[in-house]
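A.B. asks: Have a peek at target31.cif (mmCIF, C-alpha atoms).
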```cif
data_start
#
loop_
_atom_site.label_atom_id
_atom_site.label_comp_id
_atom_site.auth_asym_id
_atom_site.auth_seq_id
_atom_site.Cartn_x
_atom_site.Cartn_y
_atom_site.Cartn_z
CA MET A 1478 -12.72 40.27 -45.35
CA THR A 1479 -15.27 39.12 -42.84
CA THR A 1480 -16.55 36.37 -45.12
CA SER A 1481 -13.03 35.15 -45.69
CA GLN A 1482 -12.31 35.07 -41.96
CA ASP A 1483 -15.58 33.24 -41.28
CA ALA A 1484 -14.75 30.69 -43.94
CA THR A 1485 -11.30 30.20 -42.48
CA LEU A 1486 -12.72 29.70 -38.97
CA SER A 1487 -15.38 27.38 -40.32
CA ASN A 1488 -12.80 25.26 -42.14
CA ALA A 1489 -10.50 25.20 -39.10
CA SER A 1490 -13.21 24.10 -36.70
CA PRO A 1491 -13.53 20.42 -37.76
CA ASN A 1492 -9.75 19.99 -37.56
CA THR A 1493 -9.72 21.49 -34.12
CA HIS A 1494 -12.45 19.11 -33.01
CA THR A 1495 -10.65 16.18 -34.60
CA ASN A 1496 -7.39 17.02 -32.81
CA SER A 1497 -9.25 17.47 -29.53
CA SER A 1498 -10.94 14.12 -30.05
CA LYS A 1499 -7.62 12.45 -30.80
CA ASN A 1500 -6.06 13.94 -27.67
CA SER A 1501 -9.03 12.78 -25.61
CA ASN A 1502 -8.81 9.25 -27.02
CA THR A 1503 -5.07 9.16 -26.40
CA LYS A 1504 -5.58 10.15 -22.76
CA THR A 1505 -8.20 7.48 -22.11
CA LYS A 1506 -5.99 4.68 -23.46
CA TRP A 1507 -3.55 2.89 -21.16
CA ASN A 1508 -0.20 4.69 -21.24
CA LEU A 1509 3.19 5.00 -19.51
CA HIS A 1510 1.77 7.37 -16.89
CA ASP A 1511 -0.74 4.69 -15.85
CA THR A 1512 1.91 1.97 -15.76
CA GLN A 1513 4.20 4.08 -13.59
CA TRP A 1514 1.43 4.72 -11.06
CA THR A 1515 0.47 1.02 -11.05
CA LEU A 1516 4.07 0.19 -10.12
CA SER A 1517 4.12 2.95 -7.49
CA LEU A 1518 0.99 1.65 -5.78
CA PHE A 1519 2.25 -1.94 -6.05
CA GLY A 1520 5.53 -0.89 -4.44
CA THR A 1521 3.68 0.90 -1.64
CA ALA A 1522 1.67 -2.24 -0.83
CA VAL A 1523 4.54 -4.73 -1.03
CA GLY A 1524 6.58 -3.89 2.05
CA ALA A 1525 8.26 -5.93 4.73
CA GLY A 1526 4.88 -7.47 5.57
CA ILE A 1527 5.03 -9.74 2.54
CA LEU A 1528 7.96 -11.58 4.10
CA PHE A 1529 5.80 -12.44 7.15
CA LEU A 1530 2.48 -12.87 5.31
CA PRO A 1531 3.00 -16.56 4.37
CA ILE A 1532 3.59 -17.40 8.04
CA ASN A 1533 0.79 -15.24 9.42
CA ILE A 1534 -1.87 -16.42 6.98
CA GLY A 1535 -0.58 -19.97 6.40
CA ILE A 1536 -0.37 -20.92 10.06
CA GLY A 1537 -4.17 -21.12 10.23
CA GLY A 1538 -4.26 -24.07 7.84
CA PHE A 1539 -4.94 -24.75 4.16
CA TRP A 1540 -8.67 -24.04 3.92
CA PRO A 1541 -8.60 -20.61 5.58
CA LEU A 1542 -5.75 -19.77 3.21
CA ILE A 1543 -7.89 -20.75 0.20
CA ILE A 1544 -10.86 -18.67 1.32
CA MET A 1545 -8.75 -15.63 2.19
CA ALA A 1546 -7.07 -15.91 -1.22
CA CYS A 1547 -10.50 -15.74 -2.87
CA LEU A 1548 -11.46 -12.70 -0.80
CA ALA A 1549 -8.15 -10.86 -1.23
CA PHE A 1550 -8.96 -9.21 -4.58
CA PRO A 1551 -12.42 -7.79 -3.75
CA MET A 1552 -11.16 -6.66 -0.33
CA THR A 1553 -8.17 -4.88 -1.84
CA PHE A 1554 -9.77 -3.38 -4.95
CA PHE A 1555 -13.15 -2.34 -3.53
CA ALA A 1556 -11.59 -0.74 -0.44
CA HIS A 1557 -8.99 1.34 -2.30
CA ARG A 1558 -11.51 2.27 -4.99
CA GLY A 1559 -13.84 3.52 -2.24
CA LEU A 1560 -11.11 5.68 -0.71
CA ALA A 1561 -10.22 7.08 -4.16
CA ARG A 1562 -13.87 7.94 -4.84
CA PHE A 1563 -14.07 9.63 -1.46
CA VAL A 1564 -11.09 11.92 -2.18
CA LEU A 1565 -12.41 12.69 -5.67
CA SER A 1566 -15.85 13.61 -4.29
CA SER A 1567 -14.62 17.01 -3.08
CA LYS A 1568 -15.93 20.17 -4.73
CA ASN A 1569 -12.39 21.56 -4.43
CA LYS A 1570 -10.34 20.18 -7.32
CA ASP A 1571 -7.07 20.64 -5.38
CA ALA A 1572 -8.28 19.01 -2.16
CA ASP A 1573 -6.09 16.47 -0.38
CA PHE A 1574 -7.32 13.93 2.19
CA THR A 1575 -7.40 16.42 5.08
CA ASP A 1576 -9.42 18.90 3.01
CA VAL A 1577 -11.98 16.28 1.97
CA VAL A 1578 -12.65 14.93 5.48
CA GLU A 1579 -13.17 18.48 6.78
CA GLU A 1580 -15.51 19.27 3.89
CA HIS A 1581 -17.68 16.19 4.48
CA PHE A 1582 -17.45 15.64 8.26
CA GLY A 1583 -16.83 19.13 9.64
CA VAL A 1584 -13.70 20.79 11.00
CA THR A 1585 -13.41 18.98 14.35
CA ALA A 1586 -14.20 15.47 13.09
CA GLY A 1587 -12.19 16.12 9.93
CA ARG A 1588 -9.05 17.03 11.83
CA LEU A 1589 -9.45 14.05 14.14
CA ILE A 1590 -9.76 11.70 11.15
CA SER A 1591 -6.76 13.40 9.51
CA LEU A 1592 -4.72 12.89 12.69
CA LEU A 1593 -5.69 9.22 12.79
CA TYR A 1594 -4.72 8.92 9.13
CA PHE A 1595 -1.27 10.31 9.90
CA LEU A 1596 -0.92 8.01 12.93
CA SER A 1597 -1.79 5.00 10.78
CA ILE A 1598 1.13 5.75 8.45
CA PHE A 1599 3.90 7.25 10.59
CA PRO A 1600 4.57 4.17 12.82
CA ILE A 1601 5.09 2.12 9.65
CA LEU A 1602 7.85 4.52 8.58
CA LEU A 1603 9.54 4.02 11.95
CA ILE A 1604 9.53 0.24 11.67
CA TYR A 1605 10.72 0.43 8.05
CA GLY A 1606 13.66 2.57 9.17
CA VAL A 1607 14.60 -0.11 11.71
CA GLY A 1608 13.99 -2.95 9.26
CA LEU A 1609 16.04 -1.44 6.45
CA THR A 1610 18.98 -0.70 8.76
CA ASN A 1611 18.92 -4.25 10.14
CA THR A 1612 18.64 -5.79 6.67
CA VAL A 1613 21.60 -3.86 5.26
CA ASP A 1614 23.70 -4.41 8.40
CA SER A 1615 23.00 -8.16 8.35
CA PHE A 1616 23.84 -8.39 4.64
CA MET A 1617 27.14 -6.55 5.09
CA VAL A 1618 28.15 -8.77 8.01
CA ASN A 1619 26.84 -12.19 6.94
CA GLN A 1620 27.00 -12.12 3.15
CA MET A 1621 29.84 -9.68 2.49
CA GLY A 1622 32.00 -10.61 5.50
CA MET A 1623 32.44 -6.99 6.60
CA GLU A 1624 32.56 -5.51 10.08
CA SER A 1625 29.28 -4.10 11.35
CA PRO A 1626 29.32 -0.37 10.52
CA SER A 1627 28.36 2.45 12.86
CA ARG A 1628 24.60 2.16 13.29
CA VAL A 1629 24.24 5.93 13.60
CA LEU A 1630 26.02 6.50 10.29
CA LEU A 1631 24.41 3.57 8.43
CA SER A 1632 20.84 4.40 9.45
CA GLY A 1633 21.37 8.11 8.80
CA VAL A 1634 22.62 7.47 5.26
CA LEU A 1635 19.82 5.01 4.45
CA VAL A 1636 16.98 7.17 5.79
CA ALA A 1637 18.40 10.33 4.19
CA GLY A 1638 18.76 8.50 0.87
CA MET A 1639 15.14 7.35 0.83
CA ILE A 1640 13.80 10.77 1.81
CA SER A 1641 15.98 12.43 -0.85
CA LEU A 1642 14.17 10.39 -3.51
CA MET A 1643 10.87 11.83 -2.26
CA MET A 1644 12.21 15.38 -2.31
CA GLY A 1645 13.13 15.04 -5.98
CA GLY A 1646 9.53 15.37 -7.13
CA GLU A 1647 6.95 13.10 -8.76
CA ARG A 1648 9.06 12.20 -11.79
CA LEU A 1649 12.06 11.05 -9.73
CA MET A 1650 9.77 9.17 -7.35
CA LEU A 1651 8.03 7.31 -10.20
CA ARG A 1652 11.39 6.49 -11.76
CA ALA A 1653 12.63 5.12 -8.43
CA PHE A 1654 9.52 2.96 -8.10
CA ALA A 1655 10.02 1.60 -11.63
CA ILE A 1656 13.65 0.73 -10.86
CA LEU A 1657 12.70 -0.97 -7.59
CA VAL A 1658 9.46 -2.74 -8.45
CA TYR A 1659 10.48 -4.54 -11.65
CA PRO A 1660 13.22 -6.57 -9.90
CA LEU A 1661 10.91 -7.08 -6.91
CA VAL A 1662 8.21 -8.62 -9.10
CA GLY A 1663 10.82 -10.68 -10.94
CA ILE A 1664 12.48 -12.02 -7.79
CA LEU A 1665 9.17 -12.83 -6.12
CA PHE A 1666 8.04 -14.74 -9.19
CA PHE A 1667 11.38 -16.54 -9.51
CA LEU A 1668 11.46 -17.54 -5.84
CA SER A 1669 7.87 -18.79 -6.07
CA LEU A 1670 8.84 -21.09 -8.95
CA TYR A 1671 12.16 -22.03 -7.33
CA LEU A 1672 10.32 -23.43 -4.29
CA ILE A 1673 7.98 -25.66 -6.35
CA PRO A 1674 10.18 -28.80 -6.09
CA SER A 1675 9.95 -28.60 -2.29
CA TRP A 1676 6.14 -28.38 -2.24
CA GLN A 1677 4.38 -30.83 0.10
CA MET A 1678 0.81 -32.07 0.14
CA PRO A 1679 -1.05 -29.81 2.60
CA ASP A 1680 -3.29 -31.04 5.39
CA MET A 1681 -6.71 -31.18 3.70
CA THR A 1682 -8.60 -31.95 6.91
CA VAL A 1683 -11.67 -29.75 7.28
CA PRO A 1684 -11.40 -28.01 10.66
CA GLU A 1685 -14.17 -27.67 13.24
CA ILE A 1686 -16.58 -24.88 12.25
CA GLY A 1687 -16.02 -22.73 15.33
CA SER A 1688 -12.22 -22.67 15.13
CA PHE A 1689 -12.41 -22.35 11.34
CA GLY A 1690 -14.59 -19.25 11.56
CA LYS A 1691 -12.39 -17.72 14.25
CA THR A 1692 -9.25 -18.33 12.16
CA LEU A 1693 -10.87 -16.66 9.15
CA TRP A 1694 -12.01 -13.71 11.25
CA LEU A 1695 -8.60 -13.11 12.78
CA SER A 1696 -6.94 -13.42 9.35
CA ILE A 1697 -8.86 -10.45 7.89
CA PRO A 1698 -6.60 -7.76 9.43
CA ILE A 1699 -3.55 -9.53 8.02
CA ILE A 1700 -4.91 -9.23 4.48
CA VAL A 1701 -6.00 -5.62 5.08
CA PHE A 1702 -2.58 -4.62 6.38
CA SER A 1703 -0.48 -6.61 3.91
CA PHE A 1704 -2.18 -5.35 0.73
CA SER A 1705 -2.81 -1.77 1.88
CA HIS A 1706 -1.56 1.08 -0.31
CA ALA A 1707 -3.97 3.58 1.28
CA ALA A 1708 -1.09 5.91 2.20
CA ALA A 1709 -0.55 6.85 -1.45
CA ILE A 1710 -4.20 7.07 -2.57
CA SER A 1711 -4.79 10.77 -1.84
CA SER A 1712 -1.68 11.91 -3.73
CA PHE A 1713 -2.40 9.40 -6.48
CA VAL A 1714 -5.95 10.57 -7.23
CA ASN A 1715 -4.95 14.24 -7.08
CA VAL A 1716 -2.33 13.61 -9.75
CA GLN A 1717 -4.93 11.81 -11.87
CA ARG A 1718 -7.37 14.71 -11.40
CA GLY A 1719 -4.75 17.15 -12.68
CA HIS A 1720 -3.71 14.83 -15.50
CA TYR A 1721 -7.10 13.52 -16.70
CA GLY A 1722 -9.64 16.08 -15.53
CA GLU A 1723 -13.18 14.69 -15.84
CA GLN A 1724 -11.76 11.24 -16.68
CA ALA A 1725 -9.93 11.06 -13.33
CA THR A 1726 -12.40 8.73 -11.58
CA ARG A 1727 -12.52 6.22 -14.44
CA LYS A 1728 -8.75 6.24 -14.94
CA SER A 1729 -8.05 6.00 -11.19
CA GLU A 1730 -10.30 2.96 -10.91
CA ALA A 1731 -8.63 1.31 -13.93
CA ILE A 1732 -5.18 1.82 -12.40
CA LEU A 1733 -6.36 0.54 -9.01
CA LYS A 1734 -7.87 -2.56 -10.60
CA ARG A 1735 -4.61 -3.44 -12.38
CA THR A 1736 -2.65 -2.75 -9.21
CA SER A 1737 -4.88 -5.11 -7.23
CA LEU A 1738 -4.61 -7.83 -9.89
CA LEU A 1739 -0.82 -7.49 -9.95
CA LEU A 1740 -0.68 -7.69 -6.16
CA ILE A 1741 -2.96 -10.71 -5.89
CA THR A 1742 -1.19 -12.60 -8.69
CA PHE A 1743 2.39 -12.23 -7.53
CA VAL A 1744 1.94 -12.00 -3.77
CA LEU A 1745 -0.46 -14.94 -3.46
CA LEU A 1746 1.74 -17.09 -5.72
CA PHE A 1747 4.62 -16.31 -3.37
CA VAL A 1748 2.46 -17.02 -0.29
CA PHE A 1749 1.18 -20.35 -1.61
CA SER A 1750 4.66 -21.44 -2.68
CA CYS A 1751 6.08 -20.68 0.75
CA VAL A 1752 3.17 -22.26 2.63
CA LEU A 1753 3.32 -25.45 0.56
CA SER A 1754 7.07 -25.67 1.25
CA LEU A 1755 6.60 -25.64 5.04
CA THR A 1756 4.63 -27.74 7.52
CA GLY A 1757 2.33 -26.25 10.12
CA GLU A 1758 4.93 -26.97 12.82
CA GLN A 1759 7.62 -25.17 10.82
CA MET A 1760 5.42 -22.11 10.32
CA ALA A 1761 4.69 -22.04 14.05
CA ALA A 1762 8.43 -22.24 14.73
CA ALA A 1763 9.09 -19.38 12.28
CA LYS A 1764 6.45 -17.25 13.98
CA ALA A 1765 7.91 -18.02 17.41
CA ALA A 1766 11.40 -17.05 16.15
CA ASN A 1767 9.96 -13.79 14.71
CA VAL A 1768 11.87 -14.19 11.45
CA SER A 1769 10.73 -13.71 7.85
CA VAL A 1770 9.75 -16.72 5.78
CA LEU A 1771 12.82 -16.38 3.56
CA SER A 1772 15.13 -16.21 6.58
CA TYR A 1773 13.48 -19.30 8.04
CA LEU A 1774 13.73 -21.19 4.73
CA ALA A 1775 17.39 -20.24 4.45
CA ASN A 1776 18.04 -21.45 8.00
CA ILE A 1777 16.35 -24.84 7.68
CA THR A 1778 17.60 -25.62 4.17
CA ASP A 1779 21.05 -24.05 4.43
CA ASN A 1780 20.37 -22.68 0.95
CA SER A 1781 22.89 -19.96 0.04
CA PHE A 1782 20.75 -18.90 -2.94
CA ILE A 1783 17.76 -18.06 -0.73
CA ALA A 1784 20.06 -16.56 1.92
CA THR A 1785 21.42 -14.15 -0.71
CA LEU A 1786 18.10 -13.25 -2.33
CA GLY A 1787 16.28 -12.86 1.00
CA PRO A 1788 18.04 -9.64 2.06
CA LEU A 1789 17.72 -8.28 -1.50
CA VAL A 1790 13.94 -8.83 -1.52
CA ALA A 1791 13.66 -7.28 1.95
CA PHE A 1792 15.71 -4.24 0.91
CA ILE A 1793 13.68 -3.60 -2.25
CA ALA A 1794 10.31 -4.27 -0.56
CA ILE A 1795 11.03 -2.02 2.43
CA THR A 1796 12.44 0.79 0.30
CA SER A 1797 9.56 0.83 -2.19
CA SER A 1798 6.94 0.69 0.55
CA PHE A 1799 8.75 3.38 2.57
CA LEU A 1800 8.52 5.77 -0.39
CA GLY A 1801 4.76 5.31 -0.76
CA HIS A 1802 4.06 5.64 2.95
CA PHE A 1803 6.30 8.70 3.27
CA LEU A 1804 4.24 10.30 0.49
CA GLY A 1805 1.06 9.90 2.54
CA ALA A 1806 2.63 10.92 5.85
CA ARG A 1807 4.17 14.04 4.33
CA GLU A 1808 0.88 15.13 2.75
CA SER A 1809 -1.23 14.52 5.87
CA PHE A 1810 1.30 16.26 8.17
CA THR A 1811 1.38 19.34 5.93
CA GLY A 1812 -2.42 19.48 5.72
CA LEU A 1813 -2.89 19.16 9.47
CA VAL A 1814 -0.25 21.68 10.53
CA THR A 1815 -1.14 24.37 7.98
CA LYS A 1816 -4.77 24.31 9.17
CA GLN A 1817 -3.79 24.50 12.85
CA THR A 1818 -0.99 27.09 12.66
CA GLY A 1819 -1.53 29.15 9.52
CA LEU A 1820 2.01 28.46 8.34
CA SER A 1821 2.54 28.26 4.59
CA ALA A 1822 2.49 24.82 2.98
CA GLY A 1823 6.11 25.18 1.83
CA VAL A 1824 7.44 25.96 5.32
CA THR A 1825 5.28 23.25 6.93
CA ASP A 1826 6.47 20.66 4.42
CA LYS A 1827 10.13 21.38 5.20
CA ILE A 1828 9.47 21.20 8.95
CA GLY A 1829 7.57 17.93 8.52
CA VAL A 1830 10.30 16.32 6.43
CA LEU A 1831 12.94 17.29 9.03
CA ILE A 1832 10.88 16.02 11.97
CA MET A 1833 10.12 12.72 10.23
CA PHE A 1834 13.77 12.26 9.21
CA LEU A 1835 14.98 12.80 12.79
CA ALA A 1836 12.28 10.53 14.27
CA ILE A 1837 12.91 7.69 11.81
CA TRP A 1838 16.68 8.04 12.23
CA PHE A 1839 16.40 8.04 16.03
CA CYS A 1840 14.18 4.95 15.97
CA ALA A 1841 16.54 3.16 13.56
CA VAL A 1842 19.51 3.87 15.84
CA LYS A 1843 17.68 2.70 18.98
CA ASN A 1844 16.53 -0.49 17.19
CA PRO A 1845 13.47 -1.13 19.41
CA SER A 1846 11.42 -4.31 19.24
CA ILE A 1847 8.17 -2.58 18.28
CA LEU A 1848 6.76 -4.65 15.41
CA ASP A 1849 3.75 -5.97 17.34
CA MET A 1850 3.00 -2.56 18.83
CA MET A 1851 3.12 -0.91 15.42
CA ASP A 1852 0.79 -3.49 13.90
CA GLN A 1853 -1.72 -3.02 16.70
CA LEU A 1854 -1.60 0.77 16.41
CA SER A 1855 -1.66 1.04 12.61
CA GLY A 1856 -3.91 -1.92 11.81
CA PRO A 1857 -7.22 -0.76 13.38
CA ILE A 1858 -6.76 2.79 12.10
CA ILE A 1859 -6.02 1.61 8.55
CA ALA A 1860 -9.16 -0.55 8.64
CA MET A 1861 -11.28 2.37 9.86
CA ILE A 1862 -9.92 4.85 7.30
CA LEU A 1863 -9.69 2.49 4.34
CA PHE A 1864 -12.83 0.39 4.85
CA ILE A 1865 -15.32 2.09 7.16
CA MET A 1866 -14.98 5.87 6.74
CA PRO A 1867 -15.36 5.97 2.89
CA MET A 1868 -18.39 3.67 3.12
CA ILE A 1869 -20.04 5.90 5.73
CA ALA A 1870 -19.38 8.82 3.38
CA VAL A 1871 -21.32 6.99 0.65
CA TYR A 1872 -24.47 7.44 2.76
CA LYS A 1873 -23.60 10.97 3.91
CA VAL A 1874 -22.11 12.75 0.88
CA PRO A 1875 -24.55 13.57 -1.96
CA ALA A 1876 -21.85 13.13 -4.62
CA LEU A 1877 -21.41 9.51 -3.46
CA HIS A 1878 -25.09 8.58 -3.02
CA LYS A 1879 -25.11 6.68 -6.31
CA TYR A 1880 -22.89 4.02 -4.70
CA ARG A 1881 -25.32 3.30 -1.84
CA ASN A 1882 -26.60 -0.25 -1.26
CA ARG A 1883 -24.25 -1.74 -3.83
CA PHE A 1884 -22.71 -5.11 -3.04
CA SER A 1885 -19.19 -3.65 -2.98
CA THR A 1886 -20.20 -0.95 -0.46
CA LEU A 1887 -21.89 -3.37 1.93
CA PHE A 1888 -19.10 -5.94 1.51
CA ILE A 1889 -16.34 -3.46 2.41
CA LEU A 1890 -18.31 -2.03 5.34
CA ALA A 1891 -18.77 -5.56 6.72
CA VAL A 1892 -15.15 -6.56 6.17
CA GLY A 1893 -13.89 -3.33 7.74
CA SER A 1894 -16.05 -3.85 10.83
CA LEU A 1895 -14.82 -7.44 11.17
CA ALA A 1896 -11.20 -6.28 10.79
CA VAL A 1897 -11.52 -3.63 13.52
CA PHE A 1898 -13.24 -6.02 15.94
CA ALA A 1899 -10.67 -8.75 15.21
CA LEU A 1900 -7.81 -6.39 15.99
CA LEU A 1901 -9.49 -5.18 19.19
CA TYR A 1902 -10.09 -8.80 20.20
CA SER A 1903 -6.40 -9.65 19.59
CA MET A 1904 -5.29 -6.67 21.67
CA LEU A 1905 -7.62 -7.38 24.60
CA LYS A 1906 -7.44 -11.16 24.85
#
```
Represent the structure contained in this file as structure tokens.
C.D. replies:
Amino acid sequence: MTTSQDATLSNASPNTHTNSSKNSNTKTKWNLHDTQWTLSLFGTAVGAGILFLPINIGIGGFWPLIIMACLAFPMTFFAHRGLARFVLSSKNKDADFTDVVEEHFGVTAGRLISLLYFLSIFPILLIYGVGLTNTVDSFMVNQMGMESPSRVLLSGVLVAGMISLMMGGERLMLRAFAILVYPLVGILFFLSLYLIPSWQMPDMTVPEIGSFGKTLWLSIPIIVFSFSHAAAISSFVNVQRGHYGEQATRKSEAILKRTSLLLITFVLLFVFSCVLSLTGEQMAAAKAANVSVLSYLANITDNSFIATLGPLVAFIAITSSFLGHFLGARESFTGLVTKQTGLSAGVTDKIGVLIMFLAIWFCAVKNPSILDMMDQLSGPIIAMILFIMPMIAVYKVPALHKYRNRFSTLFILAVGSLAVFALLYSMLK
């Protein structure tokens, strides 16, 4: 009996190992789960800022644009990879961002950093609520010929609709991102090609070194802000940790690399196409008018095609980015409040969602002109949390010591410092 059982177990063992090996190999290959998260992170990064990016970065001239385009990928990938490694460095396998900063920097500093993290995300949600309401209202009035609806009702429905997608769970959220991001990528690519016939030869004059360096320096925060998907990183890596286990770091970095490549390819093509279609004077006029590049192109060309696609791109970009930023704001709010009050995570989450809904709705109804203020508040904090804090942790946290003195670590620390000082300079000048 015993011999028979031993033989059976012995014969079963290789098959078990083979199946385990097959499952492991299947998990390490690129799959639908990875694609869905790539689209989610892409959608988080591509918000309303993309519509102003060609003006903000192109107004400095052609050569600064070329150099910033070369730096965009390492800035985006290395920074987000560093933040992902930081979250994954926790000894607690279920730790979110607030847990990790407390573990590595202590309770007081950790809660301060967590508060700053929340404050870097929440103002963006407010401006997205305003932007989405204005975009839909303008489309209904100008393109559909309808009367302007009640702003209270319109903004309430739009904000409630976006938050409802987030309340439906990870699967519904990923499905929503897939539905939104595919047409966004397609329209961006199509518009980039559509503008090619109107390209003009740029001014190739090499600027004076001092002004050239200053332009480059002040352009860094624009790239940081425009390509940031830091708000979704904590939730993203925690899902990968639950899904991939010990392979989470490798798989997270692979997804982040593809996300960065997708962003750089499509966004920079769009930026270059827009910049080459406008003169420096036109970009300055667009910036003075505080309108998006597509709105400005539609106004100066009287092109109904661009006028129709412009609001559609804005709607998709704002909605997809709102979802990713709400994910980060919701997680950080819950982590902060549960640690301060002792309330359960479930109760805190419901309170947080209600407070954020009411605040975003109120802001959308009031329709304040707060874009510059939001950039100045969120920009420095994003740079500190995305670029500087994870790199400091590399020298402080034993689990991250292996990344010390690497080029990517020193590069991101330098870029983050330049971004923070550039934003402070812009605020104080």
A.B. asks: If you count only C-alpha atoms, which residues fall within 12 Å of Gln1817 in chain A, apart from same-chain ones fewer than 6 positions away, as a list in words?
C.D. replies: Thr1575, Val1584, Thr1585, Arg1588, Leu1589, Ser1591, Leu1592, Phe1810, Thr1811 and Thr1825 of chain A
A.B. asks: Quick one: everything within 8 Å of Phe1519 in chain A, counting only C-alpha atoms, minus sequence neighbours fewer than 5 positions away in the same chain. Send it as a PDB file with C-alpha atoms, in the coordinates of the input.
C.D. replies:
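Final output, saved to selection.pdb:
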```pdb
ATOM      1  CA  VAL A1658       9.460  -2.740  -8.450  1.00  0.00           C
ATOM      2  CA  HIS A1706      -1.560   1.080  -0.310  1.00  0.00           C
ATOM      3  CA  THR A1736      -2.650  -2.750  -9.210  1.00  0.00           C
ATOM      4  CA  SER A1737      -4.880  -5.110  -7.230  1.00  0.00           C
ATOM      5  CA  LEU A1739      -0.820  -7.490  -9.950  1.00  0.00           C
ATOM      6  CA  LEU A1740      -0.680  -7.690  -6.160  1.00  0.00           C
TER       7      LEU A1740
END
```
A.B. asks: Check what the PyMOL selection byres ((chain A and resi 1612-1620) around 10) selects in the file above and give those residues as a list in words.
C.D. replies: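 That expression, the PyMOL selection byres ((chain A and resi 1612-1620) around 10), corresponds here to Val1607, Gly1608, Leu1609, Thr1610, Asn1611, Met1621, Gly1622, Met1623, Glu1624, Ser1625, Pro1626, Ser1627, Arg1628, Leu1631, Ser1632, Leu1635, Ser1781, Ala1784, Thr1785, Gly1787, Pro1788, Leu1789, Val1790, Ala1791, Phe1792 and Ile1795 of chain A.
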A.B. asks: For the atom pair CA of Leu1528 in chain A and CA of Leu1771 in chain A, what is the interatomic distance in Å to one decimal place?
C.D. replies: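 CA of Leu1771 in chain A lies at a distance of 6.9 Å from CA of Leu1528 in chain A.
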A.B. asks: Within 8 Å of Pro1531 in chain A, counting all atoms listed in the file, which residues qualify if same-chain residues fewer than 2 places away don't, as a PDB file with C-alpha atoms, in the frame of the given file?
C.D. replies:
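The result, written out as selection04.pdb:
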```
ATOM      1  CA  ILE A1527       5.030  -9.740   2.540  1.00  0.00           C
ATOM      2  CA  LEU A1528       7.960 -11.580   4.100  1.00  0.00           C
ATOM      3  CA  PHE A1529       5.800 -12.440   7.150  1.00  0.00           C
ATOM      4  CA  ASN A1533       0.790 -15.240   9.420  1.00  0.00           C
ATOM      5  CA  ILE A1534      -1.870 -16.420   6.980  1.00  0.00           C
ATOM      6  CA  GLY A1535      -0.580 -19.970   6.400  1.00  0.00           C
ATOM      7  CA  ILE A1536      -0.370 -20.920  10.060  1.00  0.00           C
ATOM      8  CA  PHE A1747       4.620 -16.310  -3.370  1.00  0.00           C
ATOM      9  CA  VAL A1748       2.460 -17.020  -0.290  1.00  0.00           C
ATOM     10  CA  PHE A1749       1.180 -20.350  -1.610  1.00  0.00           C
ATOM     11  CA  CYS A1751       6.080 -20.680   0.750  1.00  0.00           C
ATOM     12  CA  VAL A1752       3.170 -22.260   2.630  1.00  0.00           C
ATOM     13  CA  VAL A1770       9.750 -16.720   5.780  1.00  0.00           C
TER      14      VAL A1770
END
```
A.B. asks: Starting from the shown file, work through the PyMOL selection byres ((chain A and resi 1598) around 8) and note down what comes out as a PDB file with C-alpha atoms, in the frame of the given file.
C.D. replies:
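Saved as part_30.pdb:
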```
ATOM      1  CA  TYR A1594      -4.720   8.920   9.130  1.00  0.00           C
ATOM      2  CA  PHE A1595      -1.270  10.310   9.900  1.00  0.00           C
ATOM      3  CA  LEU A1596      -0.920   8.010  12.930  1.00  0.00           C
ATOM      4  CA  SER A1597      -1.790   5.000  10.780  1.00  0.00           C
ATOM      5  CA  PHE A1599       3.900   7.250  10.590  1.00  0.00           C
ATOM      6  CA  PRO A1600       4.570   4.170  12.820  1.00  0.00           C
ATOM      7  CA  ILE A1601       5.090   2.120   9.650  1.00  0.00           C
ATOM      8  CA  LEU A1602       7.850   4.520   8.580  1.00  0.00           C
ATOM      9  CA  ALA A1708      -1.090   5.910   2.200  1.00  0.00           C
ATOM     10  CA  HIS A1802       4.060   5.640   2.950  1.00  0.00           C
ATOM     11  CA  PHE A1803       6.300   8.700   3.270  1.00  0.00           C
ATOM     12  CA  GLY A1805       1.060   9.900   2.540  1.00  0.00           C
ATOM     13  CA  ALA A1806       2.630  10.920   5.850  1.00  0.00           C
ATOM     14  CA  SER A1855      -1.660   1.040  12.610  1.00  0.00           C
TER      15      SER A1855
END
```
A.B. asks: Show me, as a list in words, the residues that have an atom within 10 Å of Gln1759 in chain A when counting all atoms listed in the file, minus same-chain residues fewer than 2 positions from it.
C.D. replies: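 Contacts, in chain order: Ile1532, Ile1536, Val1752, Ser1754, Leu1755, Thr1756, Gly1757, Ala1761, Ala1762, Ala1763, Lys1764, Ala1765, Tyr1773, Leu1774 and Ile1777 of chain A.
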A.B. asks: Might you pull out every residue within 12 Å of range 1681-1694 of chain A, with all atoms listed in the file counted and same-chain residues fewer than 3 positions away left off, and present them as a PyMOL selection string?
C.D. replies: chain A and resi 1533-1546+1548+1677-1678+1697-1701+1753+1891-1903
A.B. asks: Go ahead and compute the interatomic distance for CA of Asn1569 in chain A and CA of Ala1725 in chain A, in Å to one decimal.
C.D. replies: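 Here the two named atoms are 14.0 Å from each other.
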A.B. asks: Calculate how many Å separate CA of Phe1550 in chain A from CA of Ile1889 in chain A, rounding to one decimal.
C.D. replies: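 Separation between CA of Phe1550 in chain A and CA of Ile1889 in chain A: 11.7 Å.
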A.B. asks: Report, as lines of an AutoDock Vina configuration file, the axis-aligned box around all atoms of range 1628-1646 of chain A present in the file, extended by 3 Å on each side; give centre and edge lengths in Å to one decimal place.
C.D. replies:
```
center_x = 17.8
center_y = 8.8
center_z = 3.2
size_x = 22.5
size_y = 19.2
size_z = 26.7
```
